>>> print(open('query_29.cif').read())   # mmCIF, C-alpha atoms
data_work
loop_
_atom_site.label_atom_id
_atom_site.label_comp_id
_atom_site.auth_asym_id
_atom_site.auth_seq_id
_atom_site.Cartn_x
_atom_site.Cartn_y
_atom_site.Cartn_z
CA MET A 140 60.89 41.42 36.26
CA SER A 141 60.63 37.75 37.09
CA ARG A 142 63.96 35.91 37.26
CA GLU A 143 62.48 32.74 35.74
CA ARG A 144 59.70 33.71 33.35
CA LYS A 145 60.92 34.90 29.95
CA THR A 146 57.63 34.63 28.07
CA PRO A 147 54.38 36.54 28.73
CA ARG A 148 51.22 34.91 30.09
CA ARG A 149 49.17 36.04 27.09
CA ARG A 150 50.56 35.69 23.59
CA PHE A 151 49.19 35.85 20.06
CA LYS A 152 48.55 32.41 18.60
CA GLU A 153 51.21 32.63 15.90
CA PHE A 154 53.91 33.37 18.50
CA GLN A 155 53.01 30.81 21.16
CA ASN A 156 55.93 28.61 20.08
CA ALA A 157 58.30 31.44 19.23
CA GLY A 158 60.42 30.87 22.32
CA ALA A 159 61.63 33.14 25.09
CA TRP A 160 61.98 36.89 24.77
CA GLU A 161 65.57 38.12 24.39
CA GLN A 162 67.24 39.84 27.32
CA ARG A 163 68.67 43.28 26.56
CA THR A 164 69.60 46.39 28.50
CA PHE A 165 68.08 49.83 28.01
CA ASP A 166 71.50 50.97 26.81
CA ASP A 167 71.24 48.40 23.96
CA ILE A 168 67.93 49.63 22.61
CA ALA A 169 68.08 53.45 22.73
CA ASP A 170 70.21 56.55 23.07
CA TYR A 171 69.36 58.93 25.93
CA LYS A 172 70.13 62.61 26.44
CA LYS A 173 69.15 64.57 29.55
CA GLY A 174 68.52 68.29 29.12
CA PRO A 175 71.25 70.87 29.85
CA PHE A 176 71.93 72.31 33.28
CA GLY A 177 69.41 74.95 34.29
CA SER A 178 72.12 77.61 34.12
CA ALA A 179 72.30 77.07 30.34
CA LEU A 180 68.68 78.16 29.92
CA LYS A 181 68.20 81.07 32.28
CA LYS A 182 65.30 83.38 31.50
CA ASP A 183 67.62 86.26 30.64
CA ILE A 184 68.72 84.46 27.45
CA PHE A 185 65.15 83.93 26.20
CA VAL A 186 63.98 86.08 23.28
CA PRO A 187 60.59 86.83 21.67
CA LYS A 188 59.40 84.33 19.07
CA GLY A 189 60.56 85.18 15.56
CA GLU A 190 61.61 83.75 12.22
CA THR A 191 65.13 83.01 13.45
CA THR A 192 64.35 81.68 16.93
CA VAL A 193 64.29 78.11 18.28
CA LYS A 194 61.64 76.90 20.73
CA ILE A 195 62.40 75.32 24.08
CA TYR A 196 60.60 72.06 24.83
CA GLU A 197 59.39 71.75 28.43
CA GLN A 198 57.73 69.20 30.70
CA GLN A 199 54.32 70.52 29.65
CA ASN A 200 54.92 69.10 26.15
CA ALA A 201 55.47 65.59 27.53
CA ILE A 202 52.77 65.79 30.21
CA ASN A 203 50.09 67.19 27.88
CA LYS A 204 51.22 65.12 24.86
CA ASP A 205 51.26 68.29 22.78
CA TRP A 206 54.35 69.44 20.90
CA SER A 207 52.78 72.78 19.94
CA LEU A 208 52.76 74.20 23.50
CA GLU A 209 55.42 76.90 23.74
CA ARG A 210 56.59 79.65 26.06
CA TYR A 211 60.31 80.25 25.61
CA PHE A 212 62.64 80.77 22.64
CA ILE A 213 66.34 81.26 22.07
CA THR A 214 68.33 82.52 19.11
CA LYS A 215 69.59 80.09 16.47
CA GLU A 216 73.14 81.05 17.39
CA TYR A 217 72.62 80.08 21.02
CA ALA A 218 70.76 76.91 19.96
CA ASN A 219 73.84 75.86 17.99
CA LYS A 220 75.83 75.96 21.23
CA LEU A 221 73.28 73.52 22.69
CA SER A 222 73.16 71.29 19.61
CA ALA A 223 73.65 68.17 21.76
CA PHE A 224 70.19 68.80 23.22
CA LYS A 225 68.31 69.20 19.94
CA VAL A 226 65.01 67.41 19.50
CA LYS A 227 63.00 66.80 16.34
CA GLY A 228 59.97 64.93 15.02
CA GLY A 229 60.19 61.20 15.75
CA ASP A 230 62.18 61.69 18.95
CA ILE A 231 60.71 60.63 22.29
CA ILE A 232 60.69 63.08 25.21
CA VAL A 233 60.22 62.12 28.85
CA SER A 234 59.47 64.32 31.85
CA CYS A 235 62.16 63.65 34.43
CA ALA A 236 61.67 65.98 37.40
CA GLY A 237 58.63 66.33 39.64
CA THR A 238 56.05 64.64 37.42
CA ILE A 239 58.32 61.91 36.12
CA GLY A 240 57.92 59.29 33.44
CA GLU A 241 55.41 61.07 31.17
CA ILE A 242 56.53 59.85 27.76
CA TYR A 243 55.60 61.34 24.39
CA GLU A 244 56.73 60.69 20.82
CA LEU A 245 56.96 63.93 18.86
CA PRO A 246 55.08 63.67 15.55
CA ILE A 247 57.18 63.80 12.40
CA ASP A 248 55.98 67.32 11.60
CA ALA A 249 56.84 68.65 15.08
CA GLU A 250 58.94 71.81 15.15
CA PRO A 251 62.61 71.16 15.99
CA GLY A 252 63.79 72.63 19.27
CA ILE A 253 65.98 72.30 22.36
CA ILE A 254 64.97 70.31 25.47
CA ASN A 255 65.22 72.00 28.86
CA GLN A 256 66.72 70.57 32.03
CA ALA A 257 63.47 68.77 33.04
CA LEU A 258 63.28 66.61 29.92
CA MET A 259 65.06 63.61 28.50
CA ARG A 260 65.33 62.96 24.77
CA ILE A 261 65.33 59.34 23.62
CA ARG A 262 66.17 57.99 20.17
CA VAL A 263 65.22 54.35 19.79
CA ASP A 264 67.25 51.82 17.82
CA GLU A 265 64.39 50.61 15.64
CA ASN A 266 66.45 47.70 14.35
CA ILE A 267 65.98 46.17 17.80
CA VAL A 268 62.70 47.55 19.13
CA ASN A 269 59.87 49.63 17.68
CA LYS A 270 58.81 52.82 19.42
CA LYS A 271 55.47 51.52 20.67
CA MET A 272 57.17 48.57 22.33
CA PHE A 273 59.88 50.82 23.75
CA THR A 274 57.43 53.28 25.32
CA ILE A 275 55.67 50.42 27.10
CA LEU A 276 58.92 48.80 28.29
CA PHE A 277 60.28 52.16 29.42
CA SER A 278 57.06 53.13 31.22
CA ASN A 279 57.05 49.78 33.03
CA MET A 280 60.66 50.35 34.06
CA ILE A 281 59.80 53.77 35.51
CA ASP A 282 56.83 52.29 37.38
CA ASN A 283 58.99 49.51 38.82
CA PHE A 284 61.72 51.97 39.79
CA THR A 285 59.17 54.17 41.54
CA GLN A 286 57.73 51.23 43.50
CA VAL A 287 61.17 50.03 44.60
CA HIS A 288 62.67 53.41 45.53
CA SER A 289 59.75 55.55 46.69
CA ASN A 290 59.49 54.20 50.27
CA GLY A 291 56.09 55.84 50.52
CA SER A 292 57.27 59.24 49.25
CA ALA A 293 57.06 60.78 45.81
CA ILE A 294 59.95 60.19 43.40
CA LYS A 295 61.18 63.63 42.30
CA ASN A 296 63.67 62.64 39.60
CA ILE A 297 63.99 60.01 36.92
CA PRO A 298 66.68 57.32 37.48
CA PRO A 299 70.19 58.64 36.69
CA PHE A 300 71.85 57.27 33.55
CA SER A 301 74.25 55.18 35.62
CA ASP A 302 71.18 53.30 36.96
CA LEU A 303 69.07 53.47 33.82
CA LYS A 304 71.30 52.15 31.08
CA PRO A 305 72.26 48.76 32.55
CA MET A 306 68.67 47.91 33.54
CA LYS A 307 67.66 44.61 31.97
CA VAL A 308 64.61 44.26 29.76
CA LEU A 309 63.10 41.36 27.79
CA VAL A 310 62.26 42.02 24.14
CA PRO A 311 60.38 39.73 21.70
CA LEU A 312 61.07 39.20 18.00
CA TYR A 313 60.36 42.22 15.85
CA LYS A 314 57.27 40.66 14.24
CA GLU A 315 55.78 39.97 17.67
CA GLN A 316 56.60 43.49 18.77
CA LYS A 317 54.74 44.88 15.77
CA LYS A 318 51.69 42.72 16.47
CA ILE A 319 51.61 43.78 20.13
CA GLY A 320 52.12 47.43 19.19
CA GLU A 321 49.29 47.41 16.63
CA TYR A 322 46.92 45.73 19.07
CA LEU A 323 47.62 48.17 21.89
CA SER A 324 47.53 51.12 19.48
CA ASN A 325 44.00 50.13 18.53
CA ILE A 326 43.02 50.11 22.21
CA ASP A 327 44.70 53.51 22.63
CA CYS A 328 42.68 54.88 19.71
CA VAL A 329 39.43 53.74 21.33
CA ILE A 330 40.54 55.22 24.67
CA THR A 331 41.45 58.54 22.99
CA LEU A 332 38.10 58.61 21.15
CA ASN A 333 36.22 58.11 24.43
CA GLN A 334 38.37 60.71 26.20
CA ARG A 335 37.46 63.23 23.51
CA LYS A 336 33.76 62.39 23.80
CA LEU A 337 33.96 62.85 27.55
CA GLU A 338 35.79 66.17 27.19
CA LYS A 339 33.18 67.38 24.68
CA LEU A 340 30.34 66.46 27.04
CA LYS A 341 32.02 68.28 29.92
CA ALA A 342 32.60 71.31 27.69
CA LEU A 343 28.96 71.15 26.58
CA LYS A 344 27.78 71.13 30.19
CA LYS A 345 30.04 74.07 31.02
CA ALA A 346 28.59 76.02 28.08
CA TYR A 347 25.00 75.26 29.12
CA LEU A 348 25.74 76.27 32.71
CA SER A 349 26.99 79.64 31.54
CA GLN A 350 23.87 80.14 29.40
CA MET A 351 21.15 78.68 31.63
CA PHE A 352 22.07 80.52 34.84
CA PRO A 353 22.19 84.33 35.16
CA SER A 354 25.54 86.03 34.66
CA ASP A 355 26.83 88.43 37.31
CA GLY A 356 24.64 91.51 37.51
CA GLU A 357 21.76 89.87 35.61
CA SER A 358 18.47 88.49 36.94
CA LYS A 359 17.63 86.19 34.01
CA PRO A 360 19.68 83.62 32.06
CA LYS A 361 20.40 83.96 28.34
CA LEU A 362 18.97 80.54 27.47
CA ARG A 363 15.61 79.33 28.81
CA PHE A 364 13.03 76.65 28.20
CA ALA A 365 9.94 77.75 26.24
CA GLY A 366 7.19 79.28 28.34
CA PHE A 367 9.39 80.80 31.05
CA ASN A 368 9.89 84.56 30.96
CA ASP A 369 9.75 85.78 34.57
CA GLU A 370 12.75 87.33 36.23
CA TRP A 371 14.52 85.15 38.76
CA LYS A 372 14.30 86.25 42.40
CA LYS A 373 17.38 86.80 44.55
CA ARG A 374 17.33 84.76 47.76
CA LYS A 375 19.78 83.64 50.43
CA LEU A 376 20.85 80.00 50.29
CA SER A 377 19.55 79.54 53.86
CA GLU A 378 16.06 80.65 52.72
CA PHE A 379 15.54 77.76 50.33
CA THR A 380 17.68 75.05 51.99
CA SER A 381 18.33 73.60 55.43
CA TYR A 382 21.56 72.19 56.82
CA ASN A 383 22.35 69.02 58.81
CA SER A 384 25.64 68.04 60.40
CA SER A 385 26.83 64.56 61.37
CA SER A 386 28.57 63.10 64.41
CA LEU A 387 29.62 59.92 62.55
CA THR A 388 33.25 59.03 61.82
CA VAL A 389 34.98 56.29 59.84
CA ASN A 390 35.01 54.26 63.06
CA ASN A 391 31.21 54.04 62.85
CA ALA A 392 31.41 52.16 59.54
CA LYS A 393 30.20 48.55 59.95
CA GLU A 394 30.14 45.63 57.56
CA ILE A 395 26.39 45.22 58.06
CA GLY A 396 23.78 47.88 58.77
CA LEU A 397 20.55 49.51 57.64
CA TYR A 398 22.06 52.51 55.88
CA LYS A 399 25.02 53.08 53.59
CA LEU A 400 27.65 55.35 55.14
CA TYR A 401 29.59 57.76 52.89
CA ASP A 402 32.84 59.63 53.23
CA ALA A 403 34.07 62.25 50.74
CA ASN A 404 34.94 59.58 48.15
CA GLY A 405 32.20 56.96 48.44
CA ILE A 406 30.63 54.23 50.52
CA ILE A 407 32.83 53.14 53.43
CA GLY A 408 30.40 50.78 55.18
CA TYR A 409 27.03 50.76 56.91
CA THR A 410 25.40 52.26 59.98
CA ASN A 411 22.08 52.05 61.81
CA ILE A 412 21.92 55.72 62.85
CA GLU A 413 21.70 59.28 61.51
CA ALA A 414 20.23 58.42 58.10
CA GLN A 415 18.81 61.31 56.05
CA THR A 416 15.10 61.02 55.32
CA ASP A 417 15.24 62.98 52.03
CA ASP A 418 17.60 63.19 49.07
CA TYR A 419 20.36 65.63 49.98
CA ILE A 420 23.61 67.23 48.90
CA THR A 421 26.81 66.67 50.85
CA ILE A 422 29.41 69.42 50.99
CA ILE A 423 32.94 68.83 52.28
CA LYS A 424 33.39 71.25 55.18
CA ASP A 425 36.79 70.18 56.54
CA GLY A 426 40.11 69.35 54.94
CA ALA A 427 41.06 68.54 51.36
CA GLY A 428 38.38 69.18 48.76
CA VAL A 429 36.53 71.67 50.96
CA GLY A 430 33.44 72.99 49.15
CA ARG A 431 33.02 69.94 46.88
CA VAL A 432 29.39 68.84 46.58
CA ARG A 433 27.60 65.63 45.62
CA VAL A 434 23.98 64.41 45.46
CA LEU A 435 23.19 61.43 47.73
CA PRO A 436 19.93 59.49 48.09
CA LYS A 437 17.69 59.41 51.14
CA ASN A 438 18.14 56.65 53.74
CA THR A 439 21.92 57.04 53.66
CA ALA A 440 24.35 58.66 56.13
CA PHE A 441 27.60 60.63 55.94
CA ILE A 442 30.60 61.28 58.18
CA GLY A 443 31.25 64.53 60.04
CA THR A 444 33.84 66.00 57.65
CA MET A 445 30.84 66.81 55.47
CA GLY A 446 27.54 68.61 55.94
CA ALA A 447 24.15 67.95 54.33
CA ILE A 448 22.30 70.66 52.39
CA ILE A 449 18.62 69.77 51.98
CA PRO A 450 16.43 71.58 49.43
CA LEU A 451 13.27 73.28 50.71
CA LYS A 452 10.77 73.82 47.89
CA CYS A 453 13.73 73.69 45.56
CA ASP A 454 14.70 71.12 42.91
CA ILE A 455 17.71 69.15 44.15
CA TYR A 456 19.52 68.97 40.80
CA PHE A 457 18.98 72.66 40.20
CA LEU A 458 20.44 73.26 43.67
CA TYR A 459 23.35 70.90 42.99
CA ASN A 460 24.33 72.82 39.87
CA ILE A 461 24.32 76.23 41.50
CA LEU A 462 26.37 74.86 44.41
CA SER A 463 28.84 72.96 42.21
CA ASN A 464 29.54 76.21 40.38
CA THR A 465 29.93 78.29 43.55
CA ASN A 466 33.42 79.45 44.53
CA PHE A 467 33.58 78.83 48.29
CA ASN A 468 37.16 80.13 48.65
CA LYS A 469 36.20 83.41 50.30
CA HIS A 470 34.27 81.49 52.95
CA ILE A 471 37.23 79.27 53.90
CA SER A 472 38.84 79.76 57.29
CA GLY A 473 41.58 77.89 59.14
CA GLY A 474 45.24 77.47 58.39
CA THR A 475 46.49 73.88 58.31
CA ILE A 476 42.99 72.42 57.95
CA PRO A 477 40.56 74.58 55.94
CA HIS A 478 36.90 74.86 57.04
CA ILE A 479 33.69 76.36 55.70
CA TYR A 480 30.55 77.02 57.74
CA PHE A 481 26.94 77.13 56.59
CA SER A 482 26.38 80.04 58.95
CA GLU A 483 28.59 82.07 56.61
CA TYR A 484 28.02 80.76 53.06
CA GLY A 485 24.31 80.26 53.83
CA ASN A 486 24.00 84.05 53.53
CA LYS A 487 25.18 83.98 49.93
CA LYS A 488 22.43 85.12 47.55
CA TYR A 489 21.41 83.38 44.32
CA TYR A 490 18.90 84.18 41.62
CA ILE A 491 16.19 81.49 41.74
CA PRO A 492 13.31 80.85 39.28
CA ASN A 493 9.94 79.30 40.13
CA ILE A 494 9.90 75.61 41.04
CA LYS A 495 8.63 74.50 37.62
CA GLU A 496 11.54 76.13 35.79
CA GLN A 497 13.95 74.74 38.40
CA GLN A 498 12.64 71.24 37.71
CA ASN A 499 13.10 71.63 33.96
CA ILE A 500 16.66 72.81 34.47
CA GLY A 501 17.32 70.10 37.05
CA VAL A 502 16.08 67.28 34.79
CA PHE A 503 18.16 68.61 31.89
CA PHE A 504 21.40 68.65 33.87
CA GLU A 505 20.64 65.37 35.62
CA LYS A 506 20.41 63.64 32.22
CA LEU A 507 23.60 65.34 31.06
CA ASP A 508 25.44 64.30 34.25
CA LYS A 509 24.29 60.71 33.81
CA LEU A 510 25.62 60.73 30.25
CA ILE A 511 28.96 62.11 31.46
CA THR A 512 29.11 59.45 34.19
CA LEU A 513 28.32 56.73 31.64
CA HIS A 514 31.21 57.83 29.42
CA GLN A 515 33.50 58.19 32.43
CA ARG A 516 32.82 54.59 33.46
CA LYS A 517 33.30 53.35 29.91
CA LEU A 518 36.64 55.13 29.75
CA GLU A 519 37.71 53.65 33.09
CA LYS A 520 36.78 50.15 31.86
CA LEU A 521 38.88 50.63 28.72
CA GLN A 522 41.82 51.90 30.77
CA ASN A 523 41.54 48.93 33.13
CA LEU A 524 41.31 46.58 30.13
CA LYS A 525 44.51 48.02 28.70
CA LYS A 526 46.20 47.71 32.09
CA ALA A 527 45.18 44.03 32.29
CA TYR A 528 46.50 43.34 28.79
CA LEU A 529 49.79 45.08 29.57
CA ASN A 530 50.17 42.93 32.66
CA GLU A 531 49.60 39.71 30.72
CA MET A 532 51.27 40.55 27.38
CA PHE A 533 54.61 41.59 28.87
CA VAL A 534 57.09 39.66 30.95
#
>>> encode(input="query_29.cif", output="C-alpha cells")
Amino acid sequence: MSRERKTPRRRFKEFQNAGAWEQRTFDDIADYKKGPFGSALKKDIFVPKGETTVKIYEQQNAINKDWSLERYFITKEYANKLSAFKVKGGDIIVSCAGTIGEIYELPIDAEPGIINQALMRIRVDENIVNKKMFTILFSNMIDNFTQVHSNGSAIKNIPPFSDLKPMKVLVPLYKEQKKIGEYLSNIDCVITLNQRKLEKLKALKKAYLSQMFPSDGESKPKLRFAGFNDEWKKRKLSEFTSYNSSSLTVNNAKEIGLYKLYDANGIIGYTNIEAQTDDYITIIKDGAGVGRVRVLPKNTAFIGTMGAIIPLKCDIYFLYNILSNTNFNKHISGGTIPHIYFSEYGNKKYYIPNIKEQQNIGVFFEKLDKLITLHQRKLEKLQNLKKAYLNEMFV
C-alpha cells in the first residue's frame, strides 16, 4: 500500500470528490477463526454420512468454489465439542496451507459444517465493509504478503493472526463499496459465463474424440462421417510419420532472423538455420511436460528439448489428435529428468483410416480447436481487464 495515496486512480464519477478512503485494520472489519489442530480431526473419528452427522469443510471447497464437495463426517456430539469452528451459509472460507489464499463465500443455502485445520473461517462486519469489497481487499493483502515474504520460494501457510489482524487497509464509503462491488460482480459474471462456455467446448471435444476414434480392441470408431465404412488399418507410428531432432538451444535465439524459433511454451526469438520445410508436430522429449504435442507451421524451428514428428501421407490434424490423446508414460525413462525416444514410441500401433477420412476428421477437430482457442483468448482478455481495473480502482 502506498504511504501517500489514499484514493484510487480510477473512481466512479459520483465519488470523485468523496475524499480519501478510511484507514482500518483487518481486525476492525472481520472476525477470523483458524481451523482446529489436526489432532482434533483424525481419521479415526470420522463416521459414514448419515442423518445425524456433520460434514467437514476442506481446502477443496475453497479451491474449487464448491460447498457441496464432501469426504468426511463427524457425529453431532463431536461437532458440538468443536462448535468454535462451525461454518454456515454466508461465511467466508479461505485455504491457508499449501495452496493459500483461495477465498470463497458459502452460499446461504450451504450445509452447516466444521472447518478443518487447513481452512480459515471469516465473518465480515458488514456495517463497515461488504463481502465483495472484503474479498478483494483480503486477496490483495495475501498477494502482497506473498510477494514480500516468499523470497523466491512458495508460501506454505497464510499469515498468522498476530501478523494478519493489525495489517492496515483503506476502505471507501459504503455506497462506493457497493458500486465497486456491483461493477466487478458484473465482470465476474461475464468471466464465469465464458469459463463455462470454454469448459463445455473442451468437454464436447473430449466426447467427440471418444466417439470418432476406435476404442481399445475395436478397428472402427462409433461415429463417422457419411460415406466412410471401411475398417481402419493398424499401423506403427513410424510407418506413417518421420522424426527430426534439433541441435538448437535457447542461446541460438536472436532478435532478428529468417525463422521463428520455438521452445516448449512459444516463440523465443529467431534463427537462420534448421527450419522445417513442412508443417510439423513438436513433442517434448526432455524434462517437464514430456510427451506434450503441438502443431507448428513450416519455415519455423524448435529447440532440442523437443522433437519434430512429420506426417507422411497422413493428415496433420488427424495425427495431432491421436498423439495428443496418447499416454506416453510407459515410454518415459530417466530419473531426475524424464525422456522419451521416438525409437521406442514410434513402434506404437494405431488404427488409421484412408487419407480422405483422416482429412475430414482433421478439419473437424481443427475448427473445434480454433473455437476453443478463441474462447480461451477471450477469457484471458476478460481476466486481464479485471486485473487492470482492480489495480486502478483500489489504493
>>> closest_residue(input="query_29.cif", among="A:His478, A:Lys469, A:Lys307, A:Lys526", to="Gly446 in chain A", atoms="only C-alpha atoms")
A:His478
>>> residues_around(input="query_29.cif", residues="Gly426 in chain A", least_positions_apart="6", cutoff="9 Å", atoms="all atoms listed in the file", output="CSV table (one decimal) with C-alpha atoms, in the coordinates of the input")
chain,number,residue,atom,x,y,z
A,444,THR,CA,33.8,66.0,57.6
A,475,THR,CA,46.5,73.9,58.3
A,476,ILE,CA,43.0,72.4,58.0
A,477,PRO,CA,40.6,74.6,55.9
A,478,HIS,CA,36.9,74.9,57.0
>>> residues_around(input="query_29.cif", residues="Leu451 in chain A", least_positions_apart="4", cutoff="12 Å", atoms="only C-alpha atoms", output="VMD selection string")
chain A and resid 376 to 382 417 to 419 455 457 to 458 494
>>> resolve_selection(input="query_29.cif", expression="the PyMOL selection byres ((chain A and resi 164) around 12)", output="MDAnalysis selection string")
chainID A and resid 161:163 165:170 267:268 273 276:277 280 302:310
>>> resolve_selection(input="query_29.cif", expression="the PyMOL selection byres ((chain A and resi 438) around 6)", output="PDB file with C-alpha atoms, keeping the file's coordinate frame")
ATOM      1  CA  ALA A 414      20.230  58.420  58.100  1.00  0.00           C
ATOM      2  CA  GLN A 415      18.810  61.310  56.050  1.00  0.00           C
ATOM      3  CA  THR A 416      15.100  61.020  55.320  1.00  0.00           C
ATOM      4  CA  LYS A 437      17.690  59.410  51.140  1.00  0.00           C
ATOM      5  CA  THR A 439      21.920  57.040  53.660  1.00  0.00           C
TER       6      THR A 439
END
>>> residues_around(input="query_29.cif", residues="Leu400 in chain A", least_positions_apart="5", cutoff="8 Å", atoms="only C-alpha atoms", output="ChimeraX atom specification")
/A:392,406-410,439-442
>>> resolve_selection(input="query_29.cif", expression="the PyMOL selection byres ((chain A and resi 242) around 9)", output="PDB file with C-alpha atoms, in the coordinates of the input")
ATOM      1  CA  ALA A 201      55.470  65.590  27.530  1.00  0.00           C
ATOM      2  CA  ILE A 202      52.770  65.790  30.210  1.00  0.00           C
ATOM      3  CA  LYS A 204      51.220  65.120  24.860  1.00  0.00           C
ATOM      4  CA  ILE A 231      60.710  60.630  22.290  1.00  0.00           C
ATOM      5  CA  ILE A 232      60.690  63.080  25.210  1.00  0.00           C
ATOM      6  CA  VAL A 233      60.220  62.120  28.850  1.00  0.00           C
ATOM      7  CA  SER A 234      59.470  64.320  31.850  1.00  0.00           C
ATOM      8  CA  ILE A 239      58.320  61.910  36.120  1.00  0.00           C
ATOM      9  CA  GLY A 240      57.920  59.290  33.440  1.00  0.00           C
ATOM     10  CA  GLU A 241      55.410  61.070  31.170  1.00  0.00           C
ATOM     11  CA  TYR A 243      55.600  61.340  24.390  1.00  0.00           C
ATOM     12  CA  GLU A 244      56.730  60.690  20.820  1.00  0.00           C
ATOM     13  CA  THR A 274      57.430  53.280  25.320  1.00  0.00           C
ATOM     14  CA  PHE A 277      60.280  52.160  29.420  1.00  0.00           C
ATOM     15  CA  SER A 278      57.060  53.130  31.220  1.00  0.00           C
TER      16      SER A 278
END
>>> closest_atom_pairs(input="query_29.cif", of="range 358-477 of chain A", to="range 499-522 of chain A", cutoff="10 Å", atoms="all atoms listed in the file", output="JSON lines")
{"residue": "A:Arg363", "atom": "CA", "partner": "A:Ile500", "partner_atom": "CA", "distance": 8.7}
{"residue": "A:Phe364", "atom": "CA", "partner": "A:Asn499", "partner_atom": "CA", "distance": 7.6}
{"residue": "A:Cys453", "atom": "CA", "partner": "A:Gly501", "partner_atom": "CA", "distance": 9.9}
{"residue": "A:Asp454", "atom": "CA", "partner": "A:Gly501", "partner_atom": "CA", "distance": 6.5}
{"residue": "A:Ile455", "atom": "CA", "partner": "A:Gly501", "partner_atom": "CA", "distance": 7.2}
{"residue": "A:Tyr456", "atom": "CA", "partner": "A:Gly501", "partner_atom": "CA", "distance": 4.5}
{"residue": "A:Phe457", "atom": "CA", "partner": "A:Gly501", "partner_atom": "CA", "distance": 4.4}
{"residue": "A:Leu458", "atom": "CA", "partner": "A:Gly501", "partner_atom": "CA", "distance": 8.0}
{"residue": "A:Tyr459", "atom": "CA", "partner": "A:Gly501", "partner_atom": "CA", "distance": 8.5}
{"residue": "A:Asn460", "atom": "CA", "partner": "A:Phe504", "partner_atom": "CA", "distance": 7.9}
>>> residues_around(input="query_29.cif", residues="Asn219 in chain A", least_positions_apart="3", cutoff="12 Å", atoms="all atoms listed in the file", output="list in words")
Thr192, Val193, Ile213, Thr214, Lys215, Glu216, Ser222, Ala223, Phe224, Lys225, Gly252 and Ile253 of chain A
>>> atom_distance(input="query_29.cif", atom1="CA of Lys359 in chain A", atom2="CA of Thr421 in chain A")
27.4 Å
>>> closest_residue(input="query_29.cif", among="A:Ile423, A:Ile449, A:Leu435, A:Val226", to="Lys399 in chain A", atoms="all atoms listed in the file")
A:Leu435
>>> closest_residue(input="query_29.cif", among="A:Lys227, A:Lys487, A:Lys194, A:Lys373", to="Gly356 in chain A", atoms="only C-alpha atoms")
A:Lys373
>>> closest_residue(input="query_29.cif", among="A:Leu362, A:Ile275, A:Ile479, A:Ala257", to="Lys424 in chain A", atoms="all atoms listed in the file")
A:Ile479
>>> atom_distance(input="query_29.cif", atom1="CA of Asn466 in chain A", atom2="CA of Leu343 in chain A")
20.3 Å
>>> residues_around(input="query_29.cif", residues="Glu357 in chain A", least_positions_apart="4", cutoff="10 Å", atoms="only C-alpha atoms", output="compact mmCIF listing (two decimals) with C-alpha atoms, in the coordinates of the input")
# COMPACT_ATOMS: atom_id res chain seq x y z
CA PHE A 352 22.07 80.52 34.84
CA PRO A 353 22.19 84.33 35.16
CA LYS A 361 20.40 83.96 28.34
CA GLU A 370 12.75 87.33 36.23
CA TRP A 371 14.52 85.15 38.76
CA TYR A 490 18.90 84.18 41.62
>>> closest_residue(input="query_29.cif", among="A:Tyr217, A:Val432, A:Ala527, A:Ala447", to="Glu413 in chain A", atoms="all atoms listed in the file")
A:Ala447
>>> atom_distance(input="query_29.cif", atom1="CA of Gly189 in chain A", atom2="CA of Phe212 in chain A")
8.6 Å
>>> build_atoms(input="query_29.cif", residues="range 240-249 of chain A", atoms="N, CA, C and O atoms", output="short mmCIF file (atom, residue, chain, number, x, y, z; two decimals), keeping the file's coordinate frame")
data_model
loop_
_atom_site.label_atom_id
_atom_site.label_comp_id
_atom_site.auth_asym_id
_atom_site.auth_seq_id
_atom_site.Cartn_x
_atom_site.Cartn_y
_atom_site.Cartn_z
N GLY A 240 58.33 60.45 34.21
CA GLY A 240 57.92 59.29 33.44
C GLY A 240 56.84 59.53 32.41
O GLY A 240 56.41 58.59 31.75
N GLU A 241 56.38 60.80 32.23
CA GLU A 241 55.41 61.07 31.17
C GLU A 241 56.17 61.04 29.85
O GLU A 241 57.08 61.83 29.62
N ILE A 242 55.77 60.12 28.97
CA ILE A 242 56.53 59.85 27.76
C ILE A 242 55.70 60.20 26.53
O ILE A 242 54.50 59.93 26.48
N TYR A 243 56.33 60.84 25.56
CA TYR A 243 55.60 61.34 24.39
C TYR A 243 56.50 61.31 23.17
O TYR A 243 57.62 61.83 23.19
N GLU A 244 56.01 60.69 22.09
CA GLU A 244 56.73 60.69 20.82
C GLU A 244 56.31 61.91 20.01
O GLU A 244 55.13 62.09 19.70
N LEU A 245 57.26 62.76 19.67
CA LEU A 245 56.96 63.93 18.86
C LEU A 245 56.56 63.50 17.45
O LEU A 245 57.25 62.68 16.84
N PRO A 246 55.46 64.01 16.92
CA PRO A 246 55.08 63.67 15.55
C PRO A 246 56.13 64.13 14.56
O PRO A 246 56.91 65.06 14.84
N ILE A 247 56.15 63.52 13.39
CA ILE A 247 57.18 63.80 12.40
C ILE A 247 57.21 65.28 12.02
O ILE A 247 58.26 65.86 11.76
N ASP A 248 56.03 65.92 12.00
CA ASP A 248 55.98 67.32 11.60
C ASP A 248 56.20 68.29 12.76
O ASP A 248 56.00 69.50 12.62
N ALA A 249 56.60 67.78 13.92
CA ALA A 249 56.84 68.65 15.08
C ALA A 249 58.00 69.60 14.80
O ALA A 249 58.98 69.23 14.15
#
